[in-house]
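File shown: data21.txt (compact mmCIF, C-alpha atoms and all ligand atoms).
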```txt
# COMPACT_ATOMS: atom_id res chain seq x y z
CA MET A 1 121.90 140.24 86.69
CA LYS A 2 122.65 140.70 90.38
CA ARG A 3 119.23 142.23 90.75
CA ILE A 4 117.59 139.22 89.11
CA ILE A 5 119.48 136.79 91.37
CA PHE A 6 118.51 138.91 94.36
CA LEU A 7 114.84 138.95 93.36
CA PHE A 8 114.91 135.19 92.73
CA THR A 9 116.39 134.52 96.17
CA VAL A 10 114.11 136.86 98.05
CA LEU A 11 110.84 136.19 96.25
CA VAL A 12 110.81 132.99 94.22
CA ILE A 13 112.61 130.54 96.56
CA PRO A 14 110.47 131.35 99.63
CA PHE A 15 107.35 131.15 97.42
CA ILE A 16 108.30 127.66 96.16
CA THR A 17 109.11 126.53 99.72
CA LEU A 18 105.77 127.85 100.94
CA LEU A 19 103.95 126.12 98.11
CA SER A 20 105.61 122.78 98.81
CA GLN A 21 104.77 123.10 102.50
CA SER A 22 101.13 123.91 101.82
CA ASN A 23 101.03 120.87 99.56
CA LYS A 24 102.02 118.40 102.25
CA LYS A 25 99.01 116.20 101.49
CA ASP A 26 100.58 115.30 98.15
CA SER A 27 103.85 114.33 99.77
CA PRO A 28 105.50 111.31 98.11
CA MET A 29 105.73 109.74 101.58
CA ILE A 30 101.97 109.05 101.50
CA GLU A 31 100.12 107.70 98.47
CA LYS A 32 96.40 107.21 98.14
CA SER A 33 94.66 104.63 95.95
CA VAL A 34 91.26 102.96 95.71
CA PHE A 35 91.27 99.58 97.49
CA GLY A 36 87.75 98.46 96.64
CA LYS A 37 84.03 99.03 97.03
CA MET A 38 82.04 97.85 100.01
CA LYS A 39 78.94 95.68 99.54
CA ASP A 40 76.88 98.87 99.93
CA GLY A 41 78.87 100.60 97.15
CA LYS A 42 81.00 102.90 99.34
CA GLU A 43 84.61 103.36 98.22
CA VAL A 44 87.45 102.17 100.44
CA TYR A 45 90.83 103.86 100.09
CA MET A 46 94.31 102.56 100.78
CA TYR A 47 97.10 104.84 102.01
CA THR A 48 100.71 103.75 101.61
CA LEU A 49 103.07 105.32 104.12
CA LYS A 50 106.80 105.22 103.29
CA ASN A 51 109.44 106.24 105.79
CA LYS A 52 113.01 107.40 105.18
CA PRO A 53 114.76 104.02 105.75
CA GLY A 54 112.41 102.45 103.14
CA ALA A 55 109.74 100.66 105.19
CA GLU A 56 106.11 100.77 104.07
CA ALA A 57 102.77 100.46 105.83
CA LYS A 58 99.51 100.10 103.92
CA ILE A 59 96.33 101.10 105.70
CA ILE A 60 92.75 101.01 104.45
CA THR A 61 89.77 103.07 105.56
CA TYR A 62 87.68 99.90 106.13
CA GLY A 63 88.17 99.00 109.79
CA ALA A 64 91.21 101.36 109.96
CA THR A 65 92.96 98.14 108.99
CA VAL A 66 96.71 97.70 108.50
CA VAL A 67 97.03 95.59 105.35
CA SER A 68 100.82 95.26 105.41
CA ILE A 69 104.00 96.46 107.11
CA THR A 70 107.44 95.82 105.74
CA ALA A 71 110.48 95.35 107.97
CA PRO A 72 114.12 94.54 107.14
CA ASP A 73 115.88 91.29 108.07
CA ARG A 74 119.48 91.21 109.30
CA ASN A 75 120.72 91.54 105.67
CA GLY A 76 118.57 94.61 105.09
CA LYS A 77 116.00 92.71 103.00
CA TYR A 78 112.49 94.08 103.49
CA ALA A 79 109.47 91.76 103.67
CA ASP A 80 105.83 92.11 104.63
CA VAL A 81 105.44 90.81 108.20
CA THR A 82 101.68 91.06 108.82
CA LEU A 83 98.86 88.79 107.67
CA GLY A 84 96.07 90.20 105.53
CA TYR A 85 94.00 89.87 102.37
CA ASP A 86 94.52 91.02 98.79
CA ASN A 87 91.06 92.52 98.46
CA LEU A 88 88.20 94.07 100.38
CA GLU A 89 86.01 90.94 100.25
CA GLY A 90 88.65 89.22 102.37
CA TYR A 91 88.30 91.88 105.05
CA GLU A 92 84.51 91.98 104.79
CA ASN A 93 84.12 88.20 105.06
CA GLY A 94 87.09 87.35 107.33
CA THR A 95 86.45 86.55 110.99
CA GLY A 96 89.97 86.88 112.37
CA TYR A 97 90.22 90.72 112.68
CA LEU A 98 93.44 90.68 110.59
CA GLY A 99 95.18 94.05 111.02
CA ALA A 100 91.96 95.68 112.24
CA LEU A 101 91.25 98.47 114.68
CA VAL A 102 88.92 96.77 117.12
CA GLY A 103 86.27 98.42 119.32
CA ARG A 104 84.36 99.70 121.12
CA TYR A 105 85.48 96.93 123.47
CA ALA A 106 88.42 94.77 122.44
CA ASN A 107 88.19 91.15 123.60
CA ARG A 108 85.26 89.59 125.44
CA ILE A 109 82.33 90.84 127.50
CA ALA A 110 80.55 88.01 129.33
CA GLY A 111 76.87 87.58 128.42
CA ALA A 112 77.25 90.60 126.07
CA LYS A 113 76.03 92.91 128.84
CA PHE A 114 77.22 95.26 131.53
CA THR A 115 75.74 97.68 134.04
CA LEU A 116 76.67 101.35 134.28
CA ASP A 117 75.15 103.84 136.74
CA GLY A 118 72.44 101.28 137.60
CA LYS A 119 71.39 100.68 133.99
CA THR A 120 72.07 97.38 132.20
CA TYR A 121 73.11 97.60 128.54
CA LEU A 122 72.55 94.65 126.22
CA LEU A 123 75.20 94.45 123.51
CA SER A 124 75.30 92.62 120.20
CA ALA A 125 76.49 89.05 120.92
CA ASN A 126 78.75 87.51 118.30
CA GLU A 127 80.50 84.61 120.07
CA GLY A 128 77.75 82.45 121.53
CA LYS A 129 76.07 84.58 124.17
CA ASN A 130 79.19 86.70 124.67
CA GLN A 131 80.52 89.69 122.80
CA LEU A 132 83.92 89.55 121.09
CA HIS A 133 85.77 92.61 119.74
CA GLY A 134 82.88 95.08 119.73
CA GLY A 135 80.03 92.96 118.35
CA LYS A 136 78.68 91.96 114.95
CA THR A 137 79.62 95.22 113.23
CA GLY A 138 82.13 96.81 115.55
CA PHE A 139 84.76 99.39 114.59
CA SER A 140 86.65 96.78 112.50
CA LYS A 141 83.69 96.62 110.08
CA ASP A 142 83.14 100.40 109.88
CA LEU A 143 84.31 102.85 107.24
CA TRP A 144 86.66 105.46 108.74
CA LYS A 145 87.52 108.94 107.44
CA ALA A 146 91.23 109.40 106.64
CA GLU A 147 93.51 112.39 106.51
CA PRO A 148 97.24 112.07 105.75
CA ILE A 149 99.56 114.12 107.93
CA GLU A 150 103.29 114.61 107.69
CA GLY A 151 104.35 114.23 111.31
CA LYS A 152 107.85 115.10 112.55
CA ALA A 153 108.53 111.44 113.33
CA GLY A 154 107.47 110.21 109.86
CA PRO A 155 104.43 109.91 107.58
CA ALA A 156 101.13 109.49 109.42
CA LEU A 157 97.48 108.82 108.76
CA LYS A 158 94.72 110.19 110.95
CA LEU A 159 91.56 108.06 110.91
CA THR A 160 88.32 109.18 112.51
CA LEU A 161 85.15 107.28 113.31
CA VAL A 162 81.90 108.57 114.78
CA SER A 163 80.06 105.69 116.43
CA PRO A 164 76.41 106.68 117.05
CA ASP A 165 74.61 106.40 120.39
CA GLY A 166 73.38 102.79 120.70
CA ASP A 167 75.93 101.35 118.22
CA GLN A 168 76.15 97.59 119.00
CA GLY A 169 74.16 98.39 122.17
CA TYR A 170 76.70 100.80 123.70
CA PRO A 171 75.53 104.10 125.16
CA GLY A 172 76.77 107.49 123.93
CA LYS A 173 77.97 108.89 120.64
CA VAL A 174 81.69 108.15 120.60
CA THR A 175 84.24 109.89 118.39
CA LEU A 176 87.48 107.99 118.06
CA GLN A 177 90.59 109.31 116.35
CA VAL A 178 93.47 106.96 115.59
CA ILE A 179 96.79 108.19 114.20
CA TYR A 180 99.08 105.60 112.66
CA THR A 181 102.65 106.92 112.23
CA LEU A 182 105.33 104.97 110.40
CA THR A 183 108.28 106.56 112.11
CA ASN A 184 111.75 106.91 110.63
CA ASP A 185 112.89 104.49 113.39
CA ASN A 186 110.79 101.73 111.78
CA GLU A 187 108.02 101.90 114.35
CA LEU A 188 104.31 101.67 113.74
CA ARG A 189 103.08 104.09 116.37
CA ILE A 190 99.36 104.17 117.17
CA ASP A 191 97.88 107.12 119.08
CA TYR A 192 94.21 106.95 120.07
CA LYS A 193 91.96 109.76 121.28
CA GLY A 194 88.28 109.21 122.13
CA THR A 195 85.39 111.27 123.48
CA THR A 196 81.73 110.62 124.27
CA ASP A 197 78.52 112.57 124.86
CA LYS A 198 77.16 110.10 127.48
CA THR A 199 78.89 107.94 130.08
CA THR A 200 80.04 104.79 128.30
CA ILE A 201 82.89 102.28 128.09
CA LEU A 202 85.73 102.36 125.59
CA ASN A 203 88.62 99.93 125.11
CA PRO A 204 89.88 99.74 121.52
CA THR A 205 92.93 97.81 120.31
CA HIS A 206 94.94 97.06 117.19
CA HIS A 207 94.80 93.47 115.93
CA SER A 208 97.69 92.84 113.51
CA TYR A 209 98.99 89.29 113.25
CA PHE A 210 102.75 89.16 112.77
CA ASN A 211 104.98 86.54 111.22
CA LEU A 212 108.51 87.87 111.36
CA THR A 213 109.84 85.26 108.91
CA GLY A 214 107.93 87.21 106.23
CA VAL A 215 106.87 83.87 104.69
CA PHE A 216 103.29 83.05 105.56
CA THR A 217 103.56 79.34 104.92
CA ASN A 218 105.77 79.19 108.05
CA THR A 219 104.20 78.93 111.49
CA ILE A 220 105.25 81.29 114.27
CA LEU A 221 106.29 78.43 116.58
CA ASN A 222 110.03 79.18 116.35
CA HIS A 223 109.60 82.86 117.31
CA GLN A 224 110.88 83.75 120.77
CA VAL A 225 108.67 85.86 123.02
CA LYS A 226 109.17 87.87 126.18
CA ILE A 227 106.28 89.49 128.07
CA ASP A 228 106.83 91.67 131.11
CA ALA A 229 104.02 90.24 133.24
CA ASP A 230 104.11 88.31 136.52
CA TYR A 231 100.35 87.63 136.38
CA TYR A 232 97.59 86.74 133.93
CA THR A 233 93.81 86.46 134.03
CA PRO A 234 92.81 82.75 133.80
CA ILE A 235 89.82 81.88 131.60
CA ASP A 236 86.86 79.50 131.61
CA LYS A 237 85.84 77.25 128.72
CA GLU A 238 84.26 80.22 126.87
CA SER A 239 87.52 82.20 127.21
CA ILE A 240 85.87 84.54 129.71
CA PRO A 241 88.15 85.52 132.63
CA THR A 242 87.21 83.75 135.85
CA GLY A 243 87.84 87.00 137.74
CA LYS A 244 91.02 85.68 139.39
CA ILE A 245 94.50 87.04 138.81
CA GLU A 246 97.14 84.33 138.94
CA LYS A 247 100.92 84.03 138.81
CA VAL A 248 102.58 82.91 135.58
CA GLU A 249 105.44 81.42 137.62
CA ASP A 250 105.89 77.66 137.19
CA THR A 251 103.42 77.55 134.28
CA PRO A 252 103.95 77.39 130.49
CA LEU A 253 102.46 80.91 130.43
CA ASP A 254 105.62 82.39 131.96
CA PHE A 255 107.32 84.53 129.28
CA ARG A 256 109.37 86.69 131.61
CA LYS A 257 112.47 85.37 129.83
CA LEU A 258 112.72 85.14 126.02
CA THR A 259 111.15 81.70 125.27
CA THR A 260 110.35 79.90 122.03
CA ILE A 261 106.57 79.90 121.47
CA GLY A 262 106.44 76.25 120.38
CA SER A 263 108.51 74.91 123.28
CA ARG A 264 105.61 74.56 125.74
CA ILE A 265 102.46 75.21 123.66
CA ASN A 266 101.37 71.56 123.83
CA ASP A 267 102.10 71.13 127.55
CA ASN A 268 99.48 69.39 129.61
CA PHE A 269 98.26 72.58 131.28
CA GLU A 270 94.51 73.12 131.61
CA GLN A 271 94.54 76.79 130.54
CA LEU A 272 96.49 76.01 127.35
CA LYS A 273 94.00 73.27 126.49
CA LEU A 274 91.02 75.60 127.05
CA ALA A 275 92.50 78.23 124.72
CA ASN A 276 93.90 75.73 122.20
CA GLY A 277 97.31 77.42 122.57
CA TYR A 278 98.20 80.89 123.81
CA ASP A 279 95.26 83.28 123.97
CA PHE A 280 95.69 85.02 127.29
CA ASN A 281 95.51 88.44 128.82
CA TYR A 282 98.77 89.26 130.57
CA VAL A 283 98.56 91.65 133.51
CA LEU A 284 101.45 93.88 132.53
CA ASN A 285 103.96 94.97 135.16
CA ASN A 286 104.51 98.65 135.96
CA TYR A 287 101.11 99.95 134.84
CA ASN A 288 100.99 103.67 135.62
CA GLY A 289 99.45 105.20 132.49
CA LYS A 290 102.87 105.81 130.90
CA VAL A 291 104.26 104.14 127.80
CA ARG A 292 106.79 101.42 128.67
CA GLU A 293 108.24 98.41 126.88
CA VAL A 294 106.01 95.42 127.64
CA ALA A 295 106.99 92.66 125.23
CA ASP A 296 109.44 91.65 122.56
CA VAL A 297 109.63 88.98 119.90
CA TYR A 298 112.69 87.60 118.11
CA GLU A 299 112.76 85.48 114.97
CA PRO A 300 116.15 83.69 114.86
CA THR A 301 116.36 82.74 111.15
CA THR A 302 115.87 86.31 109.82
CA GLY A 303 117.06 88.23 112.87
CA ARG A 304 113.87 90.34 112.86
CA TYR A 305 113.11 91.75 116.27
CA LEU A 306 109.82 93.36 117.36
CA GLN A 307 109.44 95.39 120.53
CA ILE A 308 106.04 96.42 121.87
CA PHE A 309 105.51 99.53 123.98
CA THR A 310 102.19 100.63 125.46
CA ASP A 311 100.52 102.59 128.24
CA GLN A 312 97.80 99.92 128.63
CA PRO A 313 97.36 97.58 131.65
CA GLY A 314 96.92 94.36 129.63
CA LEU A 315 98.30 92.52 126.61
CA GLN A 316 96.45 89.70 124.85
CA PHE A 317 99.00 87.28 123.45
CA TYR A 318 97.28 85.12 120.84
CA THR A 319 98.95 82.48 118.65
CA GLY A 320 96.41 82.30 115.80
CA ASN A 321 94.64 79.26 117.26
CA PHE A 322 91.47 80.00 115.26
CA LEU A 323 93.09 81.21 112.05
CA SER A 324 91.04 80.12 109.10
CA GLU A 325 92.20 79.13 105.58
CA THR A 326 89.28 81.09 104.14
CA PRO A 327 89.14 83.75 102.92
CA VAL A 328 92.52 83.05 101.32
CA GLY A 329 95.24 85.48 102.43
CA LYS A 330 97.61 87.79 100.52
CA ASN A 331 99.31 86.33 97.42
CA GLY A 332 96.99 83.31 97.48
CA VAL A 333 98.37 81.87 100.72
CA ALA A 334 95.77 80.16 102.92
CA TYR A 335 96.62 80.90 106.54
CA LYS A 336 96.97 77.76 108.57
CA PHE A 337 96.73 77.36 112.30
CA ARG A 338 99.48 79.44 113.97
CA THR A 339 100.84 81.32 110.95
CA GLY A 340 100.59 84.57 112.90
CA PHE A 341 100.57 85.86 116.44
CA ALA A 342 98.87 88.96 117.83
CA MET A 343 99.90 91.20 120.72
CA GLU A 344 96.84 93.29 121.55
CA ALA A 345 97.40 96.13 124.01
CA GLU A 346 94.17 96.74 125.92
CA HIS A 347 92.34 96.56 129.24
CA TYR A 348 91.64 93.14 130.73
CA PRO A 349 88.82 91.22 129.02
CA ASN A 350 85.39 91.56 130.66
CA SER A 351 86.53 94.52 132.78
CA PRO A 352 83.07 96.18 132.61
CA ASN A 353 81.87 93.26 134.79
CA GLU A 354 84.90 93.18 137.10
CA PRO A 355 84.70 96.35 139.23
CA GLU A 356 88.08 95.70 140.91
CA TRP A 357 89.98 95.88 137.61
CA PRO A 358 91.27 99.10 135.98
CA SER A 359 88.24 101.08 134.79
CA VAL A 360 87.17 101.35 131.15
CA VAL A 361 84.49 103.98 131.83
CA LEU A 362 84.59 107.18 129.76
CA LYS A 363 82.51 110.21 130.75
CA PRO A 364 81.55 113.31 128.77
CA GLY A 365 84.33 115.89 129.08
CA GLN A 366 87.00 113.21 129.54
CA THR A 367 89.38 112.07 126.80
CA TYR A 368 90.31 108.44 126.27
CA ARG A 369 93.94 108.08 125.23
CA GLN A 370 96.17 105.17 124.28
CA THR A 371 99.62 104.96 122.72
CA THR A 372 100.98 101.63 121.48
CA ILE A 373 104.16 101.19 119.45
CA TYR A 374 105.41 98.21 117.43
CA LYS A 375 109.10 98.76 116.75
CA PHE A 376 110.98 96.69 114.15
CA SER A 377 114.74 96.14 114.13
CA THR A 378 117.16 93.21 113.89
CA LYS A 379 119.52 91.36 116.22
C1 LIG B 1 91.57 87.69 120.03
C2 LIG B 1 90.92 86.70 120.90
C3 LIG B 1 90.98 85.36 120.23
C4 LIG B 1 90.36 85.40 118.87
C5 LIG B 1 90.99 86.49 118.05
C6 LIG B 1 90.28 86.69 116.74
O1 LIG B 1 92.90 87.53 120.01
O2 LIG B 1 91.48 86.65 122.17
O3 LIG B 1 90.35 84.42 121.04
O4 LIG B 1 88.98 85.64 118.99
O5 LIG B 1 90.98 87.70 118.74
O6 LIG B 1 90.08 85.53 116.05
```
Turn this file's structure into structure tokens for me.
Amino acid sequence: MKRIIFLFTVLVIPFITLLSQSNKKDSPMIEKSVFGKMKDGKEVYMYTLKNKPGAEAKIITYGATVVSITAPDRNGKYADVTLGYDNLEGYENGTGYLGALVGRYANRIAGAKFTLDGKTYLLSANEGKNQLHGGKTGFSKDLWKAEPIEGKAGPALKLTLVSPDGDQGYPGKVTLQVIYTLTNDNELRIDYKGTTDKTTILNPTHHSYFNLTGVFTNTILNHQVKIDADYYTPIDKESIPTGKIEKVEDTPLDFRKLTTIGSRINDNFEQLKLANGYDFNYVLNNYNGKVREVADVYEPTTGRYLQIFTDQPGLQFYTGNFLSETPVGKNGVAYKFRTGFAMEAEHYPNSPNEPEWPSVVLKPGQTYRQTTIYKFSTK
């Protein structure tokens, strides 16, 4: 008997342990399902990440899009806090980049062109004559390859996209890897890694819209926001930066102290009128390539609290001023004006045409990196 117990301990237990480790892809923390079929027939998968405290993030391979994230309120009740659609058609037809991974260049490029090493590149224009969020079929409309990984911090999904030379007019074949981790501290952590085979520009971002009430018939006007930025980049009537960098002080754009979004959104301030609300790039303080806390948002009725950390120089704070009721959102709710806000960590808009601003150029042999974290808790 002793011998059997001994053999069991020495041989069978380590074997089972080894087997379970080699089977990490089937871990119950990550589930895979079919989300839908693209217009061209390709299958789109959805991965559900579950962390130890009980939060969930659903991510699809179309546009490396986050379909939902759940976060607890002050009574421990979990609710979905990001806008999205119930089916793939919503994501294929939607124009608001809900939950998407945006690229190659997040935000706007004036005249959809830029010059690099003496050569001018003409990009696909999709907002008048300008480019917005990577062009007509940017990264948010591409099908990504996914691989689940069981990171130390929590379940994770690695998504990879190869964007061919000339995609949307951009030079170089770019390979971008994005790892979404739902950490056991209730953070959605996004790590980016990009390379190219020719000198190019790269500036991706993540475009979730949040509504911390968890009820998408509510607007986000009662949320309180703080952004660690003394300056912003003012815009013209096409939302292209004028090239100036101005102080937020004494303007309704000053969020250096926690302030209710709705309290000044209708102020008679030219920039707010041009953008139809908040839709501005904040020049974040303390930019030195390291991850630091740059913004936080508090929703007083539920107590949900969102902190944003990034290593990027800019943050686009957008209050859903162009949100459209079609396609209809999750659970049949049509998203009205200002039912979600976005906090997009990125370089300043139109940087390829503003040589004084932090560079977005990526050369062969270099690696583009970004880390941005959305951390959910309560207060
Ligand atoms: C960004 C832009 C907005 C708008 C949305 C998508 O936030 O700054 O102007 O285009 O994306 O609708």
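Computed from the coordinates, the atom CA of A:Asn211 to atom CA of A:Asn130 distance equals 29.1 Å.
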Have a look at atom CA of A:Pro171 and atom CA of A:His347 and let me know their distance in Å, one decimal.
-> 18.9 Å
Residues within 6 Å of ligand LIG 1 (chain B), counting all atoms listed in the file: report them as a ChimeraX atom specification.
-> /A:96-97,107,279,318,322
For A:Asp167, list every protein, DNA or RNA residue within 9 Å, evaluated using only C-alpha atoms, and leave out those in the same chain fewer than 4 positions away; present the list as a VMD selection string.
-> chain A and resid 123 to 124 137 to 138 163 171 to 173
Quote the spacing between atom CA of A:Glu344 and atom CA of A:Leu284 in Å to one decimal place.
-> 11.9 Å
Can you list, as a ChimeraX atom specification, every protein, DNA or RNA residue that comes within 10 Å of A:Lys363 when you count all atoms listed in the file, leaving out same-chain residues fewer than 6 positions away?
-> /A:172,195-202
Counting all atoms listed in the file, which residues in stretch 277-340 of chain A sit no more than 7 Å from stretch 68-90 of chain A? For each one, give the nearest pair of atoms and the distance in Å, sorted by chain then residue number, as CSV.
```
residue,atom,partner,partner_atom,distance
A:Thr302,CA,A:Asp73,CA,5.3
A:Gly303,CA,A:Arg74,CA,5.2
A:Arg304,CA,A:Asp73,CA,5.3
A:Pro327,CA,A:Gly90,CA,5.5
A:Gly329,CA,A:Tyr85,CA,4.6
A:Lys330,CA,A:Tyr85,CA,4.6
A:Asn331,CA,A:Asp86,CA,6.8
A:Gly340,CA,A:Leu83,CA,6.9
```
Once you have the residues from the selection above, write them out as a CSV table (one decimal), in the coordinates of the input, restricted to C-alpha atoms.
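Below is the file result-v3.csv, written as the result:
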```csv
chain,number,residue,atom,x,y,z
A,302,THR,CA,115.9,86.3,109.8
A,303,GLY,CA,117.1,88.2,112.9
A,304,ARG,CA,113.9,90.3,112.9
A,327,PRO,CA,89.1,83.8,102.9
A,329,GLY,CA,95.2,85.5,102.4
A,330,LYS,CA,97.6,87.8,100.5
A,331,ASN,CA,99.3,86.3,97.4
A,340,GLY,CA,100.6,84.6,112.9
```
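Compared by their closest atoms to A:Lys244, and using only C-alpha atoms, the residues A:Ser140, A:Gln131, A:Asn281, A:Asn184 rank with A:Asn281 nearest.
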Take every atom of stretch 210-227 of chain A listed in the file, pad by 5 Å on each side, and give me the axis-aligned box centre and edge lengths in Å, one decimal, as JSON.
```
{"center_x": 106.8, "center_y": 84.0, "center_z": 116.4, "size_x": 18.1, "size_y": 21.1, "size_z": 33.4}
```
Residue nearest A:Glu249 among A:Asp230, A:Ala125, A:Asn286, A:Tyr368 (counting all atoms listed in the file) = A:Asp230
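Minimum atom-to-atom distance to A:Glu187, evaluated using only C-alpha atoms, belongs to A:Ser377 out of A:Ser33, A:Thr301, A:Thr326, A:Ser377.
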Write out as a CSV table (one decimal) with C-alpha atoms, in the coordinates of the input which residues come within 10 Å of A:Gly314 when counting only C-alpha atoms, dropping same-chain ones fewer than 6 positions away.
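out_26.csv was written with the following content:
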```
chain,number,residue,atom,x,y,z
A,229,ALA,CA,104.0,90.2,133.2
A,232,TYR,CA,97.6,86.7,133.9
A,233,THR,CA,93.8,86.5,134.0
A,280,PHE,CA,95.7,85.0,127.3
A,281,ASN,CA,95.5,88.4,128.8
A,282,TYR,CA,98.8,89.3,130.6
A,283,VAL,CA,98.6,91.6,133.5
A,284,LEU,CA,101.4,93.9,132.5
A,285,ASN,CA,104.0,95.0,135.2
A,287,TYR,CA,101.1,100.0,134.8
A,294,VAL,CA,106.0,95.4,127.6
A,343,MET,CA,99.9,91.2,120.7
A,344,GLU,CA,96.8,93.3,121.6
A,345,ALA,CA,97.4,96.1,124.0
A,346,GLU,CA,94.2,96.7,125.9
A,347,HIS,CA,92.3,96.6,129.2
A,348,TYR,CA,91.6,93.1,130.7
A,349,PRO,CA,88.8,91.2,129.0
A,358,PRO,CA,91.3,99.1,136.0
```
A:Trp357, A:Phe269, A:Tyr209, A:Tyr47: which is nearest A:Leu98, counting all atoms listed in the file?
-> A:Tyr209
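The shortest atom-to-atom distance to A:Leu212, with all atoms listed in the file taken into account, belongs to A:Gln224 out of A:Gln224, A:Lys290, A:Gly36, A:Glu238.
Residue nearest A:Met46, chosen from A:Asn321, A:Thr251, A:Thr310, A:Thr65 and counting all atoms listed in the file: A:Thr65.
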Please provide as a PDB file with C-alpha atoms, in the frame of the given file all residues within 10 Å of A:Ala156, with the sequence filter that same-chain residues fewer than 3 positions apart are discarded (counting all atoms listed in the file).
```pdb
ATOM      1  CA  MET A  29     105.730 109.740 101.580  1.00  0.00           C
ATOM      2  CA  ILE A  30     101.970 109.050 101.500  1.00  0.00           C
ATOM      3  CA  TYR A  47      97.100 104.840 102.010  1.00  0.00           C
ATOM      4  CA  THR A  48     100.710 103.750 101.610  1.00  0.00           C
ATOM      5  CA  LEU A  49     103.070 105.320 104.120  1.00  0.00           C
ATOM      6  CA  LYS A  50     106.800 105.220 103.290  1.00  0.00           C
ATOM      7  CA  ASN A  51     109.440 106.240 105.790  1.00  0.00           C
ATOM      8  CA  ALA A  57     102.770 100.460 105.830  1.00  0.00           C
ATOM      9  CA  GLU A 147      93.510 112.390 106.510  1.00  0.00           C
ATOM     10  CA  PRO A 148      97.240 112.070 105.750  1.00  0.00           C
ATOM     11  CA  ILE A 149      99.560 114.120 107.930  1.00  0.00           C
ATOM     12  CA  GLU A 150     103.290 114.610 107.690  1.00  0.00           C
ATOM     13  CA  GLY A 151     104.350 114.230 111.310  1.00  0.00           C
ATOM     14  CA  LYS A 152     107.850 115.100 112.550  1.00  0.00           C
ATOM     15  CA  ALA A 153     108.530 111.440 113.330  1.00  0.00           C
ATOM     16  CA  LEU A 159      91.560 108.060 110.910  1.00  0.00           C
ATOM     17  CA  ILE A 179      96.790 108.190 114.200  1.00  0.00           C
ATOM     18  CA  TYR A 180      99.080 105.600 112.660  1.00  0.00           C
ATOM     19  CA  THR A 181     102.650 106.920 112.230  1.00  0.00           C
ATOM     20  CA  LEU A 182     105.330 104.970 110.400  1.00  0.00           C
ATOM     21  CA  THR A 183     108.280 106.560 112.110  1.00  0.00           C
ATOM     22  CA  LEU A 188     104.310 101.670 113.740  1.00  0.00           C
ATOM     23  CA  ARG A 189     103.080 104.090 116.370  1.00  0.00           C
ATOM     24  CA  ILE A 190      99.360 104.170 117.170  1.00  0.00           C
TER      25      ILE A 190
END
```
Find the residues around A:Glu127 up to 12 Å (only C-alpha atoms counted), leave out those fewer than 6 positions away in its own chain, and share them as a list of chain:residue names.
-> A:Thr95, A:Asn107, A:Arg108, A:Ile109, A:Ala110, A:Gly111, A:Ala112, A:His133, A:Gly134, A:Gly135, A:Lys136, A:Glu238, A:Ser239, A:Ile240
